[in-house]
file coords.tsv (TSV, C-alpha atoms and all ligand atoms)
chain	number	residue	atom	x	y	z
Q	1	VAL	CA	-139.14	27.05	-155.27
Q	2	SER	CA	-138.00	30.38	-156.68
Q	3	LEU	CA	-140.33	33.15	-155.62
Q	4	LEU	CA	-140.76	34.04	-159.25
Q	5	THR	CA	-144.24	32.82	-160.01
Q	6	TYR	CA	-146.69	35.08	-161.74
Q	7	ALA	CA	-150.01	33.65	-160.65
Q	8	GLY	CA	-151.47	32.05	-157.58
Q	9	PRO	CA	-150.55	32.57	-153.91
Q	10	ASP	CA	-146.90	33.41	-154.68
Q	11	GLY	CA	-147.82	35.55	-157.64
Q	12	GLU	CA	-146.62	39.02	-158.56
Q	13	LYS	CA	-148.71	40.69	-155.81
Q	14	THR	CA	-146.46	39.03	-153.22
Q	15	TRP	CA	-143.18	40.09	-154.84
Q	16	PRO	CA	-142.78	43.36	-152.84
Q	17	LYS	CA	-142.71	41.41	-149.58
Q	18	LYS	CA	-139.39	39.82	-150.41
Q	19	TYR	CA	-138.26	42.25	-153.13
Q	20	PRO	CA	-139.07	45.82	-151.99
Q	21	PHE	CA	-138.14	47.43	-155.35
Q	22	CYS	CA	-141.05	45.50	-156.93
Q	23	GLY	CA	-143.37	47.81	-154.97
Q	24	GLY	CA	-141.29	50.90	-155.78
Q	25	VAL	CA	-140.93	53.52	-158.50
Q	26	PHE	CA	-140.18	53.31	-162.22
Q	27	GLN	CA	-141.67	49.82	-162.51
Q	28	SER	CA	-142.10	47.98	-165.82
Q	29	PRO	CA	-143.91	46.95	-167.94
Q	30	ILE	CA	-146.34	49.76	-168.81
Q	31	ASP	CA	-149.14	50.51	-171.27
Q	32	PHE	CA	-148.32	52.88	-174.15
Q	33	HIS	CA	-151.31	55.15	-174.76
Q	34	ARG	CA	-151.65	58.46	-176.58
Q	35	ASP	CA	-151.70	60.91	-173.68
Q	36	ILE	CA	-148.33	59.81	-172.19
Q	37	LEU	CA	-146.42	59.73	-175.50
Q	38	GLN	CA	-144.17	62.62	-176.57
Q	39	TYR	CA	-142.17	62.81	-179.80
Q	40	ASP	CA	-138.43	63.38	-179.20
Q	41	SER	CA	-136.35	64.28	-182.28
Q	42	ASN	CA	-133.13	63.38	-180.40
Q	43	LEU	CA	-134.06	59.69	-180.35
Q	44	SER	CA	-131.73	58.46	-183.10
Q	45	PRO	CA	-131.60	54.94	-184.58
Q	46	LEU	CA	-129.63	52.46	-182.47
Q	47	GLU	CA	-126.55	50.85	-183.96
Q	48	PHE	CA	-126.23	47.07	-183.48
Q	49	ILE	CA	-122.53	46.15	-183.43
Q	50	GLY	CA	-121.37	42.53	-183.67
Q	51	TYR	CA	-124.93	41.19	-183.83
Q	52	ASN	CA	-124.03	39.01	-186.81
Q	53	VAL	CA	-122.51	36.10	-184.87
Q	54	PRO	CA	-120.91	33.41	-187.12
Q	55	SER	CA	-122.44	29.92	-187.03
Q	56	THR	CA	-119.05	28.64	-185.82
Q	57	ASN	CA	-119.95	30.34	-182.49
Q	58	GLN	CA	-122.67	28.92	-180.25
Q	59	PHE	CA	-125.21	30.47	-177.90
Q	60	THR	CA	-126.31	28.56	-174.78
Q	61	LEU	CA	-130.11	28.30	-174.57
Q	62	THR	CA	-131.43	27.35	-171.13
Q	63	ASN	CA	-134.68	26.97	-169.16
Q	64	ASN	CA	-134.23	28.73	-165.82
Q	65	GLY	CA	-137.61	27.77	-164.43
Q	66	HIS	CA	-139.37	31.02	-165.29
Q	67	SER	CA	-138.23	31.86	-168.79
Q	68	VAL	CA	-136.26	30.41	-171.66
Q	69	LYS	CA	-133.10	32.46	-172.07
Q	70	MET	CA	-130.20	32.48	-174.47
Q	71	TYR	CA	-126.81	33.84	-173.44
Q	72	LEU	CA	-125.40	36.17	-176.06
Q	73	SER	CA	-121.87	36.91	-177.21
Q	74	PRO	CA	-119.92	39.69	-175.39
Q	75	THR	CA	-118.86	40.91	-178.84
Q	76	MET	CA	-122.43	42.18	-179.33
Q	77	HIS	CA	-123.24	45.70	-178.26
Q	78	ILE	CA	-125.46	48.69	-179.00
Q	79	ARG	CA	-124.28	52.24	-179.65
Q	80	ASN	CA	-126.16	55.56	-179.71
Q	81	LEU	CA	-127.32	55.19	-176.14
Q	82	PRO	CA	-125.85	57.47	-173.42
Q	83	PHE	CA	-123.23	54.72	-172.90
Q	84	GLU	CA	-122.11	51.60	-174.77
Q	85	TYR	CA	-124.20	48.61	-173.69
Q	86	THR	CA	-122.98	45.03	-174.18
Q	87	ALA	CA	-125.40	42.15	-174.81
Q	88	SER	CA	-125.96	39.68	-171.98
Q	89	GLN	CA	-128.91	37.46	-172.83
Q	90	LEU	CA	-132.28	37.31	-174.54
Q	91	HIS	CA	-135.45	35.70	-173.21
Q	92	LEU	CA	-139.18	35.63	-173.89
Q	93	HIS	CA	-142.53	36.22	-172.19
Q	94	TRP	CA	-145.72	34.56	-173.41
Q	95	GLY	CA	-149.30	33.54	-172.53
Q	96	ASN	CA	-150.91	30.12	-172.94
Q	97	ARG	CA	-152.49	28.06	-175.70
Q	98	ASN	CA	-156.00	29.32	-174.85
Q	99	LYS	CA	-154.99	32.96	-174.52
Q	100	SER	CA	-152.11	34.09	-176.74
Q	101	GLU	CA	-151.78	37.50	-175.05
Q	102	GLY	CA	-148.50	37.18	-173.19
Q	103	SER	CA	-146.63	40.39	-174.02
Q	104	GLU	CA	-145.48	42.50	-171.07
Q	105	HIS	CA	-145.85	45.95	-172.66
Q	106	THR	CA	-149.28	46.79	-174.10
Q	107	VAL	CA	-150.33	49.41	-176.68
Q	108	SER	CA	-153.61	51.25	-176.04
Q	109	GLY	CA	-154.48	48.54	-173.55
Q	110	LYS	CA	-153.88	45.68	-175.99
Q	111	HIS	CA	-151.53	42.75	-175.34
Q	112	PHE	CA	-149.51	41.25	-178.16
Q	113	ALA	CA	-149.05	37.46	-178.31
Q	114	ALA	CA	-145.55	37.42	-176.79
Q	115	GLU	CA	-142.47	39.60	-176.24
Q	116	LEU	CA	-138.73	39.09	-176.77
Q	117	HIS	CA	-136.25	40.93	-174.53
Q	118	ILE	CA	-132.58	41.43	-175.38
Q	119	VAL	CA	-130.82	42.42	-172.14
Q	120	HIS	CA	-127.64	44.56	-172.31
Q	121	TYR	CA	-125.51	46.08	-169.54
Q	122	ASN	CA	-123.53	49.34	-169.40
Q	123	SER	CA	-120.05	48.00	-170.16
Q	124	GLU	CA	-118.53	51.48	-170.07
Q	125	LYS	CA	-119.19	51.80	-166.35
Q	126	TYR	CA	-119.61	48.25	-165.01
Q	127	PRO	CA	-117.53	45.04	-165.38
Q	128	ASP	CA	-120.50	42.71	-165.83
Q	129	VAL	CA	-124.30	42.48	-165.76
Q	130	THR	CA	-124.39	41.52	-162.09
Q	131	ALA	CA	-122.57	44.72	-161.12
Q	132	ALA	CA	-124.79	46.72	-163.48
Q	133	MET	CA	-128.23	45.30	-162.76
Q	134	ASP	CA	-129.01	47.40	-159.65
Q	135	LYS	CA	-127.58	50.71	-161.02
Q	136	ALA	CA	-129.88	53.39	-162.48
Q	137	ASP	CA	-127.84	53.46	-165.71
Q	138	GLY	CA	-126.97	49.77	-165.54
Q	139	LEU	CA	-129.15	47.98	-168.10
Q	140	ALA	CA	-130.68	48.58	-171.53
Q	141	VAL	CA	-133.32	46.14	-172.73
Q	142	LEU	CA	-134.65	45.97	-176.31
Q	143	ALA	CA	-138.23	44.69	-176.50
Q	144	ILE	CA	-139.79	43.17	-179.61
Q	145	LEU	CA	-143.55	42.58	-179.65
Q	146	LEU	CA	-144.58	39.30	-181.32
Q	147	GLU	CA	-147.85	38.67	-183.17
Q	148	ILE	CA	-149.25	35.90	-185.36
Q	149	GLY	CA	-148.44	35.85	-189.07
Q	150	PRO	CA	-146.31	33.85	-191.50
Q	151	PHE	CA	-143.69	31.33	-190.32
Q	152	ASN	CA	-140.56	33.16	-189.18
Q	153	PRO	CA	-137.33	31.32	-190.14
Q	154	SER	CA	-135.15	33.62	-187.98
Q	155	TYR	CA	-137.13	32.97	-184.78
Q	156	GLU	CA	-137.13	29.27	-185.75
Q	157	LYS	CA	-133.33	29.28	-185.23
Q	158	ILE	CA	-134.15	29.52	-181.49
Q	159	PHE	CA	-137.59	27.89	-181.37
Q	160	ARG	CA	-136.41	24.63	-183.00
Q	161	HIS	CA	-134.43	23.91	-179.80
Q	162	PHE	CA	-137.32	24.21	-177.34
Q	163	GLN	CA	-137.78	20.42	-177.19
Q	164	ASN	CA	-134.29	20.21	-175.65
Q	165	VAL	CA	-134.94	22.75	-172.86
Q	166	LYS	CA	-138.37	21.52	-171.78
Q	167	TYR	CA	-137.39	21.29	-168.11
Q	168	LYS	CA	-135.72	23.59	-165.55
Q	169	ASP	CA	-131.90	23.74	-165.81
Q	170	GLN	CA	-131.76	21.94	-169.18
Q	171	MET	CA	-129.58	23.64	-171.78
Q	172	VAL	CA	-128.66	23.28	-175.43
Q	173	GLN	CA	-126.20	24.97	-177.82
Q	174	VAL	CA	-127.61	27.11	-180.63
Q	175	PRO	CA	-125.41	27.87	-183.68
Q	176	GLY	CA	-124.66	31.58	-184.03
Q	177	PHE	CA	-126.76	33.66	-186.41
Q	178	ASN	CA	-127.48	37.34	-187.07
Q	179	ILE	CA	-129.48	38.44	-183.99
Q	180	GLN	CA	-130.45	41.56	-185.95
Q	181	GLU	CA	-132.82	39.22	-187.91
Q	182	LEU	CA	-134.99	39.12	-184.75
Q	183	LEU	CA	-135.67	42.88	-184.91
Q	184	PRO	CA	-138.74	44.30	-186.66
Q	185	ASP	CA	-138.93	46.52	-189.72
Q	186	ARG	CA	-138.12	50.17	-189.03
Q	187	PRO	CA	-136.08	49.61	-185.81
Q	188	ASP	CA	-135.60	53.41	-185.89
Q	189	GLU	CA	-139.19	53.70	-184.64
Q	190	TYR	CA	-139.45	52.93	-180.93
Q	191	TYR	CA	-140.87	53.83	-177.50
Q	192	ARG	CA	-138.24	54.90	-174.89
Q	193	TYR	CA	-138.65	55.21	-171.12
Q	194	GLU	CA	-136.79	54.55	-167.89
Q	195	GLY	CA	-138.16	51.52	-166.07
Q	196	SER	CA	-137.23	48.35	-164.27
Q	197	LEU	CA	-136.61	44.65	-164.49
Q	198	THR	CA	-140.01	42.99	-164.84
Q	199	THR	CA	-139.05	40.13	-162.54
Q	200	PRO	CA	-137.75	40.21	-158.98
Q	201	PRO	CA	-135.62	41.99	-157.84
Q	202	CYS	CA	-137.39	44.61	-160.09
Q	203	TYR	CA	-134.44	47.02	-159.89
Q	204	PRO	CA	-135.29	50.42	-161.51
Q	205	SER	CA	-132.18	50.01	-163.65
Q	206	VAL	CA	-133.50	49.56	-167.20
Q	207	LEU	CA	-133.49	51.97	-170.13
Q	208	TRP	CA	-136.30	50.43	-172.21
Q	209	THR	CA	-136.45	50.55	-175.99
Q	210	VAL	CA	-139.69	48.96	-177.21
Q	211	PHE	CA	-139.86	48.79	-181.00
Q	212	ARG	CA	-143.03	50.29	-182.51
Q	213	HIS	CA	-143.58	47.54	-185.10
Q	214	PRO	CA	-144.26	43.94	-184.05
Q	215	VAL	CA	-142.59	40.89	-185.57
Q	216	LYS	CA	-144.73	38.05	-186.96
Q	217	ILE	CA	-144.31	34.39	-186.06
Q	218	SER	CA	-146.66	31.59	-187.11
Q	219	GLN	CA	-149.49	30.14	-185.05
Q	220	GLU	CA	-147.52	26.88	-184.85
Q	221	GLN	CA	-144.37	28.66	-183.64
Q	222	LEU	CA	-146.40	30.51	-181.00
Q	223	LEU	CA	-148.06	27.25	-179.87
Q	224	ALA	CA	-144.61	25.65	-179.52
Q	225	LEU	CA	-143.52	28.55	-177.29
Q	226	GLU	CA	-146.72	28.25	-175.22
Q	227	THR	CA	-146.58	24.48	-174.76
Q	228	ALA	CA	-142.95	23.31	-174.84
Q	229	MET	CA	-141.54	24.36	-171.50
Q	230	TYR	CA	-142.08	23.49	-167.85
Q	231	CYS	CA	-141.00	25.42	-164.72
Q	232	THR	CA	-140.15	22.14	-163.04
Q	233	GLU	CA	-137.28	19.69	-163.41
Q	234	SER	CA	-137.60	16.64	-165.64
Q	235	ASP	CA	-138.05	14.24	-162.69
Q	236	ASP	CA	-140.60	16.40	-160.80
Q	237	PRO	CA	-143.71	14.30	-160.00
Q	238	GLU	CA	-145.91	17.43	-160.33
Q	239	PRO	CA	-144.91	19.14	-163.58
Q	240	LEU	CA	-145.80	22.84	-163.82
Q	241	GLU	CA	-146.29	24.28	-167.33
Q	242	MET	CA	-144.29	27.43	-168.06
Q	243	VAL	CA	-147.11	29.70	-169.24
Q	244	ASP	CA	-148.29	33.27	-168.64
Q	245	ASN	CA	-144.79	34.40	-167.56
Q	246	PHE	CA	-145.53	38.09	-168.06
Q	247	ARG	CA	-145.88	40.79	-165.41
Q	248	ASN	CA	-149.00	42.98	-165.48
Q	249	VAL	CA	-148.62	46.61	-166.52
Q	250	GLN	CA	-147.64	49.02	-163.75
Q	251	GLU	CA	-148.99	52.47	-162.78
Q	252	PHE	CA	-147.18	55.23	-164.70
Q	253	HIS	CA	-147.78	58.49	-162.80
Q	254	GLU	CA	-146.94	61.93	-164.21
Q	255	ARG	CA	-144.36	60.47	-166.54
Q	256	LEU	CA	-143.85	60.47	-170.27
Q	257	VAL	CA	-142.78	57.86	-172.78
Q	258	PHE	CA	-140.67	59.36	-175.55
Q	259	ILE	CA	-141.22	58.20	-179.13
Q	260	SER	CA	-138.79	58.44	-182.04
Q	261	PHE	CA	-141.65	58.63	-184.57
Q	262	ARG	CA	-144.49	60.99	-185.29
Q	263	GLU	CA	-147.81	59.22	-184.96
Q	301	LIG	N1	-137.96	41.21	-168.35
Q	301	LIG	S1	-136.49	41.53	-167.84
Q	301	LIG	O1	-136.56	42.52	-166.80
Q	301	LIG	O2	-135.67	41.90	-168.97
Q	301	LIG	C1	-135.82	40.06	-167.18
Q	301	LIG	C2	-136.59	38.96	-166.95
Q	301	LIG	F1	-137.90	38.95	-167.19
Q	301	LIG	C3	-136.02	37.80	-166.46
Q	301	LIG	F2	-136.80	36.73	-166.26
Q	301	LIG	C4	-134.69	37.73	-166.17
Q	301	LIG	S2	-134.00	36.28	-165.51
Q	301	LIG	O3	-132.56	36.31	-165.63
Q	301	LIG	O4	-134.51	36.16	-164.18
Q	301	LIG	C5	-134.58	34.92	-166.40
Q	301	LIG	C6	-134.44	35.18	-167.82
Q	301	LIG	O5	-133.29	35.86	-168.12
Q	301	LIG	C7	-133.92	38.84	-166.39
Q	301	LIG	N2	-132.60	38.74	-166.07
Q	301	LIG	C8	-131.87	39.87	-165.63
Q	301	LIG	C9	-132.29	40.38	-164.32
Q	301	LIG	C10	-132.03	39.40	-163.23
Q	301	LIG	C11	-130.58	39.00	-163.17
Q	301	LIG	C12	-129.87	39.00	-164.46
Q	301	LIG	C13	-128.55	38.59	-164.59
Q	301	LIG	C14	-127.93	38.56	-165.80
Q	301	LIG	C15	-128.63	38.94	-166.96
Q	301	LIG	C16	-129.92	39.37	-166.87
Q	301	LIG	C17	-130.46	39.47	-165.65
Q	301	LIG	C18	-134.49	40.01	-166.91
Q	301	LIG	F3	-133.72	41.09	-167.16
Q	302	ZN	ZN	-138.10	40.08	-169.95
call {"tool": "encode", "arguments": {"input": "coords.tsv", "output": "structure tokens", "more": "lines below"}}
Ligand SMILES: NS(=O)(=O)c1c(F)c(F)c(S(=O)(=O)CCO)c(N[C@H]2CCCc3ccccc32)c1F
Ligand SMILES: [Zn+2]
result
Amino acid sequence: VSLLTYAGPDGEKTWPKKYPFCGGVFQSPIDFHRDILQYDSNLSPLEFIGYNVPSTNQFTLTNNGHSVKMYLSPTMHIRNLPFEYTASQLHLHWGNRNKSEGSEHTVSGKHFAAELHIVHYNSEKYPDVTAAMDKADGLAVLAILLEIGPFNPSYEKIFRHFQNVKYKDQMVQVPGFNIQELLPDRPDEYYRYEGSLTTPPCYPSVLWTVFRHPVKISQEQLLALETAMYCTESDDPEPLEMVDNFRNVQEFHERLVFISFRE
């Protein structure tokens, strides 16, 4: 079984044994609270190039046993970072039906219901995400905090396929759509810090951009996310629900998180 379980005997406390970086520096996620935030006027709005993928294209959505991830088009990239970063995949983190507090980043100690990550790699310096993922300037991840509100038709373009990726290694094709629809209002307002992958191997290789404003999805959409998927394969006699796949917040010593907005 992949070491990546979050709870129980193989949970995140055991990760450093096999993945030393998980016990190292610059670990993510973290809590955003007032006394580590510093306004930075140089933090300009990101530009999302090629995010509007035509419906004639398709994204592959798959269950990899610890998250549900969707491979993105290599024509998608972000500008206005130190380098150009090309999209690789997006995936989610969530809680469970009794405790909808599955975000990875927290704000003033509070979890949001879930969190979407859009993973990009530095395509100016590295040929692909595998070459980039253990380099300090290798990855840039956009994080969108999710909370309960009205039904969200854009998120439904992904969520409607969850019944076809219930079990590990299942996959389904999703018609292309404008991935920018998944971003919140005011994407120019964000938290920025240097951190890590939040799953093993926890490489300190991620430039994090966490948008200030959450996106709303409905209670029913959130319940679907919390109850649709399993970590196990379809024929496994002991099915394991895919829930609570978020890492706990990490210590953040003597460091600052830069914000593009004035509180
Ligand atoms: N929260 S997080 O740090 O953004 C984060 C995850 F939480 C996470 F689960 C994964 S996963 O693949 O293991 C399953 C879902 O993608 C990734 N993938 C990264 C790092 C591992 C290898 C790899 C290879 C190609 C593309 C992306 C990645 C991840 F970046
Ligand atoms: Zn993630």
call {"tool": "closest_residue", "arguments": {"input": "coords.tsv", "among": "Q:Pro201, Q:Gly109, Q:Pro20, Q:Pro214", "to": "ligand LIG 301 (chain Q)", "atoms": "all atoms listed in the file"}}
result
Q:Pro201
call {"tool": "closest_residue", "arguments": {"input": "coords.tsv", "among": "Q:Glu251, Q:Glu47, Q:Glu124, Q:Glu12", "to": "Asp188 of chain Q", "atoms": "only C-alpha atoms"}}
result
Q:Glu47
call {"tool": "residues_near_ligand", "arguments": {"input": "coords.tsv", "ligand": "ligand LIG 301 (chain Q)", "cutoff": "6 Å", "atoms": "only C-alpha atoms and all ligand atoms", "output": "number ranges by chain"}}
result
Q: 67, 69, 88, 91, 117, 119, 129-130, 197-199
call {"tool": "closest_residue", "arguments": {"input": "coords.tsv", "among": "Q:Val107, Q:Arg212, Q:Cys231, Q:Asp128", "to": "Arg262 of chain Q", "atoms": "all atoms listed in the file"}}
result
Q:Arg212
call {"tool": "closest_residue", "arguments": {"input": "coords.tsv", "among": "Q:Gly65, Q:Pro82, Q:Pro29, Q:Gly8", "to": "ligand ZN 302 (chain Q)", "atoms": "all atoms listed in the file"}}
result
Q:Pro29
call {"tool": "closest_residue", "arguments": {"input": "coords.tsv", "among": "Q:Glu181, Q:Glu233, Q:Glu147, Q:Glu238", "to": "Lys216 of chain Q", "atoms": "all atoms listed in the file"}}
result
Q:Glu147
